[in-house]
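Heads up: the structure comes next, in structure tokens.
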Amino acid sequence: MENPTVSSPLLAVENLSKRFGRRVAVDNVSFELARGQILGLLGPNGSGKSTILRMLVGYLRPTGGSVRIAGYDVVDQGRLARTQIGYVPEDVPLYEALQVDEFLTLMAGLKGLPKSEFASALERVCEKLNLNAVRKLAIRTLSRGFRQRVAFAQALLTEPPLIILDEPTNGLDPRQIIECRELLLSFAGVHSVIVTSHILGEIEKVANQVAILLDGRLLSVETLDRTSAVPADLESRFLELTERL
Amino acid sequence: MNGLGPLLRKELAAIFWSPVAYAVIAMFIVLMSYTFCAQLFHSRSASSAPMLFQAASLLILTIPLLTMRQFAEERRNGTLELLLSTPIDDLAIVLAKFLATMSVIAVMLILLLAFPLVLGAFSTPDWGPIASGYTGLVLLAGALTSIGLAVSTVTSNQLVAAVLTLGLFLLLWMAEVLGVFFRSPVDEIAIAISLDTRFTPFATGAVYLSDFGFFLTIGLIGVLLSVAGLSRR
């Protein structure tokens with residue numbers, strides 16, 4: 001078994017492909033993500049963003065190529081690779097009948113957290129996500145914003161090095177989008193994050209790197225320097241890349 | 001096994017919070033009571049075999065209602081994606097759902113004990129066939145549940161899962177009838193895989209190791225197919 005090293009990239013995606021029958025959903029995509037960085041996957045609907053994430057978390061099996069998370073191959077060492085991630089799927093599917101506390105306890109158990117650490121982990125994530133007021137409420141009674149926070153909370157339970165978020169701002173109101181953005185920025189340096197969006201402005205505000213996808217192909221990986229007085233014109237670059245095809 | 005404990009607790013809570021479980025248990029007991037009384041008054045004999053066959057038939061009709069939602073609902077709601085992103089074993093997910101479903105069936109079979117006890121109160125039934133029949137019902141239920149779960153992994157539509165499962169159960173139950181239309185060795189295979197053929201000895205007090213092994217094998221195949229259907233596509 002390979003030992004992950006701190007110097008290697010946390011995530012290494014190499015020639016990743018996925019076919020559904022004759023349709024190519026992801027075509028030979030390669031990129032890396034360093035520890036503490038935020039990578040935005042940007043592309044129109046149907047460009048393969050969610051399919052890539054589903055292969056990273058082990059829900060879909062790649063047709064070709066490889067994914068290594070902290071040195072663990074997601075196919076051959078799937079269980080170990082999945083201990084390294086926290087995942088928030090699109091549309092935040094949760095167990096509606098459970099209370100927030102029950103759901104987080106279940107997820108803590110499934111993620112292999114020792115029982116003695118459940119209480120402190122729940123305290124920590126509920127504090128961070130401002131969930132204390134709703135901990136005893138059934139998830140089905142919560143607003144979209146609170147459901148999103150619960151989904152974030154489960155992803156953070158084990159403090160995984162890699163957080164994977166699929167369209168996290170979908171369906172949120174402007175205030176919730178700002179809160180979500182601030183939360184994402186608070187991850188920088190602590191967790192590595194992959195976040196997808198089809199909204200260019202959202203990615204631009206949080207990511208260090210942007211991978212631009214179209215029709216399952218990776219067109220470019222751009223580095224953003226948000227400290228610069230003149231930020232990179234991502235919009236022009238996106239249009240240039242996508243119109244070229 | 002990694003993750004089995006918390007998942008089993010969640011599945012038990014989910015299945016016993018669902019009205020479906022109680023509706024299935026109630027329907028099973030009402031129909032069993034009706035047919036038990038009708039048979040008893042008609043034959044005036046303390047034979048347990050008709051009751052055991054009736055219970056087996058009702059298990060074939062009711063188990064699809066219990067297994068249809070297990071994976072189909074998770075897939076439709078998207079929670080399967082969340083579940084499979086955690087470091088639990090696929091086998092643990094299948095076993096948790098299998099054990100939760102079997103727990104509802106266990107309640108049904110425990111309530112079913114009332115009927116032999118009634119026979120015992122008013123006559124002297126042969127307890128051997130009753131014990132072997134119960135063993136057969138548990139084995140049959142285990143095999144049917146694992147097949148039902150396997151079907152549930154391949155669709156996100158609960159109704160489709162239920163219809164396919166019921167069709168498969170009926171085919172397997174009546175497989176021996178198909179044997180009439182074929183020559184050897186197909187007819188022998190049809191008889192060998194018939195659930196009816198395999199269950200009959202249990203209901204009549206004869207326990208063969210081969211029938212025991214058959215139900216365990218079917219159960220194991222169902223669990224493995226469920227894991228295969230569930231696993232990353």
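Every chain in the structure tokens takes a letter, A first, then B, and so on in the order presented; its residues are numbered from 1, and the ligands are numbered from 1 following the presented order.
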Skipping near chain neighbours, those fewer than 3 positions away, what residues fall within 10 Å of B:Val163 using only C-alpha atoms, listed as JSON, numbers by chain? {"B": [64, 65, 68, 151, 158, 159, 160, 166, 167, 168, 169]}
Could you name the residues that touch B:Phe202 at 12 Å or less, counting only C-alpha atoms, but leaving out those on the same chain fewer than 2 positions away, as a ChimeraX atom specification? /B:48-49,52-53,56,128-140,195-200,204-212,215
Which is closer to chain A than all the others in B:Ser57, B:Ser156, B:Thr86, B:Gln39, using only C-alpha atoms? B:Thr86
Between atom CA of A:Arg54 and atom CA of B:Leu82, what is the distance in Å, rounded to a tenth? 10.1 Å
Can you build me a table of chain B residues sitting at most 12 Å from chain A, with the closest atom pair per residue and its distance in Å to one decimal, using only C-alpha atoms, sorted by chain and residue number, as a tab-separated table?
residue	atom	partner	partner_atom	distance
B:Met1	CA	A:Gly112	CA	11.1
B:Asn2	CA	A:Gly112	CA	7.6
B:Gly3	CA	A:Leu110	CA	4.9
B:Leu4	CA	A:Leu110	CA	8.2
B:Gly5	CA	A:Gly109	CA	8.2
B:Pro6	CA	A:Gly109	CA	5.8
B:Leu7	CA	A:Leu106	CA	7.2
B:Leu8	CA	A:Leu106	CA	10.1
B:Arg9	CA	A:Leu106	CA	8.8
B:Lys10	CA	A:Leu106	CA	7.4
B:Glu11	CA	A:Leu106	CA	10.8
B:Ala13	CA	A:Leu98	CA	9.3
B:Ala14	CA	A:Ala97	CA	8.0
B:Ile15	CA	A:Ala97	CA	11.4
B:Trp17	CA	A:Ala97	CA	9.0
B:Ser18	CA	A:Ala97	CA	10.1
B:Glu73	CA	A:Tyr95	CA	10.9
B:Glu74	CA	A:Tyr95	CA	9.2
B:Arg75	CA	A:Pro93	CA	10.1
B:Arg76	CA	A:Pro93	CA	9.7
B:Asn77	CA	A:Pro93	CA	6.3
B:Gly78	CA	A:Pro93	CA	5.3
B:Thr79	CA	A:Pro93	CA	5.2
B:Leu80	CA	A:Tyr59	CA	8.6
B:Glu81	CA	A:Tyr59	CA	6.1
B:Leu82	CA	A:Pro89	CA	6.9
B:Leu83	CA	A:Leu110	CA	8.2
B:Leu84	CA	A:Tyr59	CA	5.9
B:Ser85	CA	A:Val57	CA	5.3
B:Thr86	CA	A:Lys111	CA	5.6
B:Pro87	CA	A:Arg79	CA	4.7
B:Ile88	CA	A:Leu110	CA	6.1
B:Asp89	CA	A:Arg79	CA	7.5
B:Asp90	CA	A:Arg79	CA	10.0
B:Ala92	CA	A:Leu110	CA	10.2
B:Ile93	CA	A:Leu110	CA	10.2
B:Leu230	CA	A:Tyr59	CA	9.6
B:Ser231	CA	A:Tyr59	CA	7.9
B:Arg232	CA	A:Leu60	CA	4.8
B:Arg233	CA	A:Leu60	CA	5.1
Write the residues of the preceding selection, restricted to N, CA and C atoms, as a short mmCIF file (atom, residue, chain, number, x, y, z; two decimals), in the first residue's frame.
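Output file selection13.cif follows:
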data_model
loop_
_atom_site.label_atom_id
_atom_site.label_comp_id
_atom_site.auth_asym_id
_atom_site.auth_seq_id
_atom_site.Cartn_x
_atom_site.Cartn_y
_atom_site.Cartn_z
N MET B 1 -17.83 -5.80 10.66
CA MET B 1 -17.83 -5.23 9.32
C MET B 1 -18.01 -3.71 9.41
N ASN B 2 -17.23 -3.03 8.62
CA ASN B 2 -17.17 -1.57 8.71
C ASN B 2 -18.51 -0.90 8.36
N GLY B 3 -19.10 -0.21 9.35
CA GLY B 3 -20.31 0.58 9.09
C GLY B 3 -21.62 -0.17 9.27
N LEU B 4 -21.58 -1.48 9.55
CA LEU B 4 -22.82 -2.26 9.61
C LEU B 4 -23.72 -1.81 10.77
N GLY B 5 -23.11 -1.59 11.93
CA GLY B 5 -23.88 -1.24 13.14
C GLY B 5 -24.73 0.01 12.95
N PRO B 6 -24.10 1.16 12.65
CA PRO B 6 -24.90 2.38 12.49
C PRO B 6 -25.92 2.29 11.35
N LEU B 7 -25.53 1.61 10.28
CA LEU B 7 -26.44 1.50 9.14
C LEU B 7 -27.65 0.62 9.49
N LEU B 8 -27.41 -0.46 10.24
CA LEU B 8 -28.51 -1.34 10.63
C LEU B 8 -29.49 -0.60 11.53
N ARG B 9 -28.95 0.20 12.47
CA ARG B 9 -29.84 0.99 13.35
C ARG B 9 -30.71 1.93 12.51
N LYS B 10 -30.10 2.56 11.53
CA LYS B 10 -30.84 3.49 10.65
C LYS B 10 -31.90 2.75 9.85
N GLU B 11 -31.55 1.57 9.33
CA GLU B 11 -32.49 0.80 8.51
C GLU B 11 -33.66 0.29 9.35
N ALA B 13 -34.81 1.67 12.08
CA ALA B 13 -35.66 2.83 12.38
C ALA B 13 -36.51 3.17 11.16
N ALA B 14 -35.88 3.15 9.98
CA ALA B 14 -36.60 3.53 8.76
C ALA B 14 -37.73 2.56 8.47
N ILE B 15 -37.47 1.27 8.61
CA ILE B 15 -38.48 0.29 8.22
C ILE B 15 -39.63 0.22 9.24
N TRP B 17 -40.51 2.78 11.14
CA TRP B 17 -41.24 4.04 11.12
C TRP B 17 -42.19 4.09 9.93
N SER B 18 -41.94 3.19 8.96
CA SER B 18 -42.73 3.23 7.74
C SER B 18 -44.06 2.52 7.94
N GLU B 73 -35.46 3.52 -3.45
CA GLU B 73 -35.71 4.81 -2.83
C GLU B 73 -34.41 5.58 -2.61
N GLU B 74 -33.38 4.87 -2.18
CA GLU B 74 -32.07 5.52 -1.95
C GLU B 74 -31.55 6.11 -3.27
N ARG B 75 -31.75 5.34 -4.35
CA ARG B 75 -31.27 5.80 -5.65
C ARG B 75 -32.09 7.01 -6.12
N ARG B 76 -33.41 6.93 -5.94
CA ARG B 76 -34.28 8.03 -6.40
C ARG B 76 -34.01 9.31 -5.60
N ASN B 77 -33.82 9.18 -4.28
CA ASN B 77 -33.58 10.36 -3.44
C ASN B 77 -32.16 10.88 -3.53
N GLY B 78 -31.27 10.12 -4.10
CA GLY B 78 -29.88 10.56 -4.21
C GLY B 78 -29.04 10.22 -2.99
N THR B 79 -29.66 9.63 -1.95
CA THR B 79 -28.91 9.33 -0.73
C THR B 79 -27.91 8.18 -0.94
N LEU B 80 -28.13 7.39 -1.98
CA LEU B 80 -27.19 6.30 -2.26
C LEU B 80 -25.81 6.88 -2.62
N GLU B 81 -25.84 8.01 -3.30
CA GLU B 81 -24.59 8.67 -3.67
C GLU B 81 -23.83 9.12 -2.41
N LEU B 82 -24.59 9.65 -1.46
CA LEU B 82 -23.98 10.08 -0.20
C LEU B 82 -23.43 8.87 0.57
N LEU B 83 -24.23 7.81 0.59
CA LEU B 83 -23.86 6.59 1.31
C LEU B 83 -22.58 5.97 0.73
N LEU B 84 -22.53 5.90 -0.60
CA LEU B 84 -21.39 5.26 -1.25
C LEU B 84 -20.13 6.13 -1.22
N SER B 85 -20.27 7.40 -0.82
CA SER B 85 -19.08 8.24 -0.70
C SER B 85 -18.41 8.07 0.66
N THR B 86 -19.05 7.31 1.56
CA THR B 86 -18.45 7.06 2.88
C THR B 86 -17.63 5.76 2.82
N PRO B 87 -16.69 5.62 3.76
CA PRO B 87 -15.81 4.44 3.65
C PRO B 87 -16.42 3.15 4.21
N ILE B 88 -17.71 2.92 3.96
CA ILE B 88 -18.30 1.66 4.40
C ILE B 88 -18.24 0.63 3.27
N ASP B 89 -18.30 -0.64 3.68
CA ASP B 89 -18.27 -1.71 2.68
C ASP B 89 -19.64 -1.82 2.01
N ASP B 90 -19.63 -2.12 0.71
CA ASP B 90 -20.90 -2.33 0.00
C ASP B 90 -21.69 -3.47 0.63
N ALA B 92 -21.79 -4.27 3.70
CA ALA B 92 -22.45 -3.81 4.93
C ALA B 92 -23.77 -3.13 4.60
N ILE B 93 -23.81 -2.38 3.51
CA ILE B 93 -25.05 -1.70 3.10
C ILE B 93 -26.12 -2.75 2.78
N LEU B 230 -25.20 -2.78 -6.66
CA LEU B 230 -24.97 -1.55 -5.90
C LEU B 230 -23.64 -0.92 -6.24
N SER B 231 -22.69 -1.79 -6.56
CA SER B 231 -21.30 -1.31 -6.65
C SER B 231 -21.14 -0.31 -7.77
N ARG B 232 -20.07 0.41 -7.64
CA ARG B 232 -19.79 1.56 -8.50
C ARG B 232 -19.87 1.20 -9.97
N ARG B 233 -20.69 1.92 -10.70
CA ARG B 233 -20.94 1.54 -12.09
C ARG B 233 -19.94 2.21 -13.04
#
Spatial neighbours of B:Ala26, max dist 12 Å, only C-alpha atoms, sep filter under 4 positions, as a ChimeraX atom specification: /B:19-22,30-33,58,62,104-105,107-108,111-112
If you keep C-alpha atoms, can you produce a file of those selected residues as a CSV table (one decimal), in the first residue's frame?
chain,number,residue,atom,x,y,z
B,19,PRO,CA,-46.5,2.4,7.6
B,20,VAL,CA,-45.7,-0.1,4.9
B,21,ALA,CA,-44.2,-2.6,7.4
B,22,TYR,CA,-47.3,-2.4,9.6
B,30,VAL,CA,-55.5,-11.1,8.7
B,31,LEU,CA,-55.2,-13.3,5.6
B,32,MET,CA,-53.5,-16.1,7.5
B,33,SER,CA,-56.3,-16.0,10.2
B,58,LEU,CA,-48.2,-14.9,1.4
B,62,THR,CA,-45.6,-9.5,0.6
B,104,VAL,CA,-40.2,-7.4,9.8
B,105,ILE,CA,-40.5,-10.9,8.5
B,107,VAL,CA,-42.3,-10.3,13.5
B,108,MET,CA,-44.7,-11.9,11.0
B,111,LEU,CA,-47.2,-13.7,15.2
B,112,LEU,CA,-47.8,-16.8,13.0
Go through stretch 2-238 of chain A and collect every residue that DSSP, computed from the backbone, puts in alpha helix (DSSP H); the answer should be as JSON, numbers by chain. {"A": [49, 50, 51, 52, 53, 54, 55, 56, 78, 79, 80, 81, 82, 100, 101, 102, 103, 104, 105, 106, 107, 108, 109, 110, 118, 119, 120, 121, 122, 123, 124, 125, 126, 127, 128, 144, 145, 146, 147, 148, 149, 150, 151, 152, 153, 154, 155, 156, 174, 175, 176, 177, 178, 179, 180, 181, 182, 183, 184, 185, 186, 187, 200, 201, 202, 203, 204, 205, 206, 234, 235, 236, 237, 238]}
Using only C-alpha atoms, which protein or nucleic acid residues come within 8 Å of stretch 97-101 of chain B? Drop anything in the same chain fewer than 5 positions from it, and give the result as a PyMOL selection string. chain B and resi 8+11-12+15+66-67+70+145-146+149
Rank nothing, just name the residue among A:Glu159, A:Val100, A:Asp225, A:Leu16 nearest to A:Ala133, using only C-alpha atoms. A:Val100
Taking the backbone alone, and naming residues the way the document does, which bits of stretch 157-237 of chain A are strand (DSSP E or B) by DSSP, as a ChimeraX atom specification? /A:162-165,192-197,209-214,217-223
Write a file of the selected residues as a compact mmCIF listing (two decimals), in the first residue's frame, keeping N, CA, C and O atoms.
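out-v2.txt written:
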# COMPACT_ATOMS: atom_id res chain seq x y z
N LEU A 162 -9.81 16.57 1.95
CA LEU A 162 -10.40 17.00 0.68
C LEU A 162 -11.92 17.13 0.81
O LEU A 162 -12.60 16.18 1.19
N ILE A 163 -12.42 18.33 0.49
CA ILE A 163 -13.87 18.56 0.50
C ILE A 163 -14.32 18.69 -0.96
O ILE A 163 -13.71 19.44 -1.73
N ILE A 164 -15.37 17.95 -1.30
CA ILE A 164 -15.87 17.95 -2.68
C ILE A 164 -17.31 18.45 -2.69
O ILE A 164 -18.17 17.86 -2.03
N LEU A 165 -17.54 19.53 -3.41
CA LEU A 165 -18.86 20.17 -3.39
C LEU A 165 -19.42 20.29 -4.80
O LEU A 165 -18.77 20.88 -5.67
N SER A 192 -8.33 21.02 1.22
CA SER A 192 -8.37 21.25 -0.22
C SER A 192 -9.83 21.11 -0.62
O SER A 192 -10.57 20.32 -0.04
N VAL A 193 -10.23 21.91 -1.59
CA VAL A 193 -11.64 21.90 -1.98
C VAL A 193 -11.76 21.81 -3.50
O VAL A 193 -11.01 22.47 -4.22
N ILE A 194 -12.69 20.98 -3.94
CA ILE A 194 -13.11 21.01 -5.34
C ILE A 194 -14.56 21.44 -5.35
O ILE A 194 -15.39 20.83 -4.66
N VAL A 195 -14.86 22.48 -6.09
CA VAL A 195 -16.23 22.97 -6.14
C VAL A 195 -16.63 23.14 -7.60
O VAL A 195 -15.85 23.64 -8.40
N THR A 196 -17.83 22.67 -7.92
CA THR A 196 -18.30 22.84 -9.30
C THR A 196 -19.33 23.96 -9.36
O THR A 196 -20.02 24.24 -8.36
N SER A 197 -19.41 24.58 -10.49
CA SER A 197 -20.47 25.56 -10.73
C SER A 197 -20.54 25.82 -12.22
O SER A 197 -19.56 25.64 -12.93
N GLN A 209 -7.67 28.00 -8.45
CA GLN A 209 -7.49 27.45 -9.79
C GLN A 209 -8.86 27.18 -10.38
O GLN A 209 -9.78 26.82 -9.65
N VAL A 210 -8.95 27.32 -11.69
CA VAL A 210 -10.21 27.01 -12.35
C VAL A 210 -9.94 26.05 -13.50
O VAL A 210 -9.08 26.32 -14.35
N ALA A 211 -10.65 24.93 -13.50
CA ALA A 211 -10.56 23.99 -14.62
C ALA A 211 -11.81 24.19 -15.47
O ALA A 211 -12.93 24.07 -14.96
N ILE A 212 -11.59 24.52 -16.74
CA ILE A 212 -12.73 24.81 -17.62
C ILE A 212 -13.05 23.56 -18.45
O ILE A 212 -12.17 23.02 -19.14
N LEU A 213 -14.31 23.13 -18.35
CA LEU A 213 -14.75 21.89 -19.02
C LEU A 213 -15.80 22.20 -20.07
O LEU A 213 -16.63 23.10 -19.89
N LEU A 214 -15.75 21.46 -21.15
CA LEU A 214 -16.80 21.54 -22.15
C LEU A 214 -16.94 20.17 -22.81
O LEU A 214 -15.94 19.59 -23.23
N ARG A 217 -14.52 17.45 -21.92
CA ARG A 217 -13.08 17.65 -22.10
C ARG A 217 -12.60 18.83 -21.27
O ARG A 217 -13.31 19.83 -21.11
N LEU A 218 -11.39 18.69 -20.77
CA LEU A 218 -10.77 19.77 -20.00
C LEU A 218 -10.08 20.71 -20.99
O LEU A 218 -9.12 20.33 -21.66
N LEU A 219 -10.58 21.95 -21.06
CA LEU A 219 -10.02 22.89 -22.03
C LEU A 219 -8.79 23.59 -21.49
O LEU A 219 -7.82 23.83 -22.21
N SER A 220 -8.83 23.89 -20.20
CA SER A 220 -7.71 24.66 -19.64
C SER A 220 -7.78 24.65 -18.11
O SER A 220 -8.87 24.51 -17.55
N VAL A 221 -6.66 24.77 -17.46
CA VAL A 221 -6.64 25.00 -16.01
C VAL A 221 -5.98 26.36 -15.80
O VAL A 221 -4.82 26.57 -16.15
N GLU A 222 -6.77 27.30 -15.29
CA GLU A 222 -6.29 28.67 -15.10
C GLU A 222 -5.97 28.89 -13.62
O GLU A 222 -6.71 28.41 -12.74
N THR A 223 -4.89 29.60 -13.35
CA THR A 223 -4.58 29.97 -11.96
C THR A 223 -5.07 31.39 -11.73
O THR A 223 -4.79 32.29 -12.52
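What separates atom CA of B:Gly142 from atom CA of B:Met102 is a distance of 7.0 Å.
Using only C-alpha atoms, the shortest contact distance between B:Ile110 and any of B:Ile29, B:Val223, B:Ile191, B:Ala203 is found at B:Ile29.
Here atom CA of A:Leu184 and atom CA of A:Ser47 stand 23.0 Å from one another.
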Using only C-alpha atoms, pick whichever of A:Ala12, A:Leu234, A:Leu131, A:Ala121 has the shortest atom-to-atom distance to A:Gly201. A:Leu234
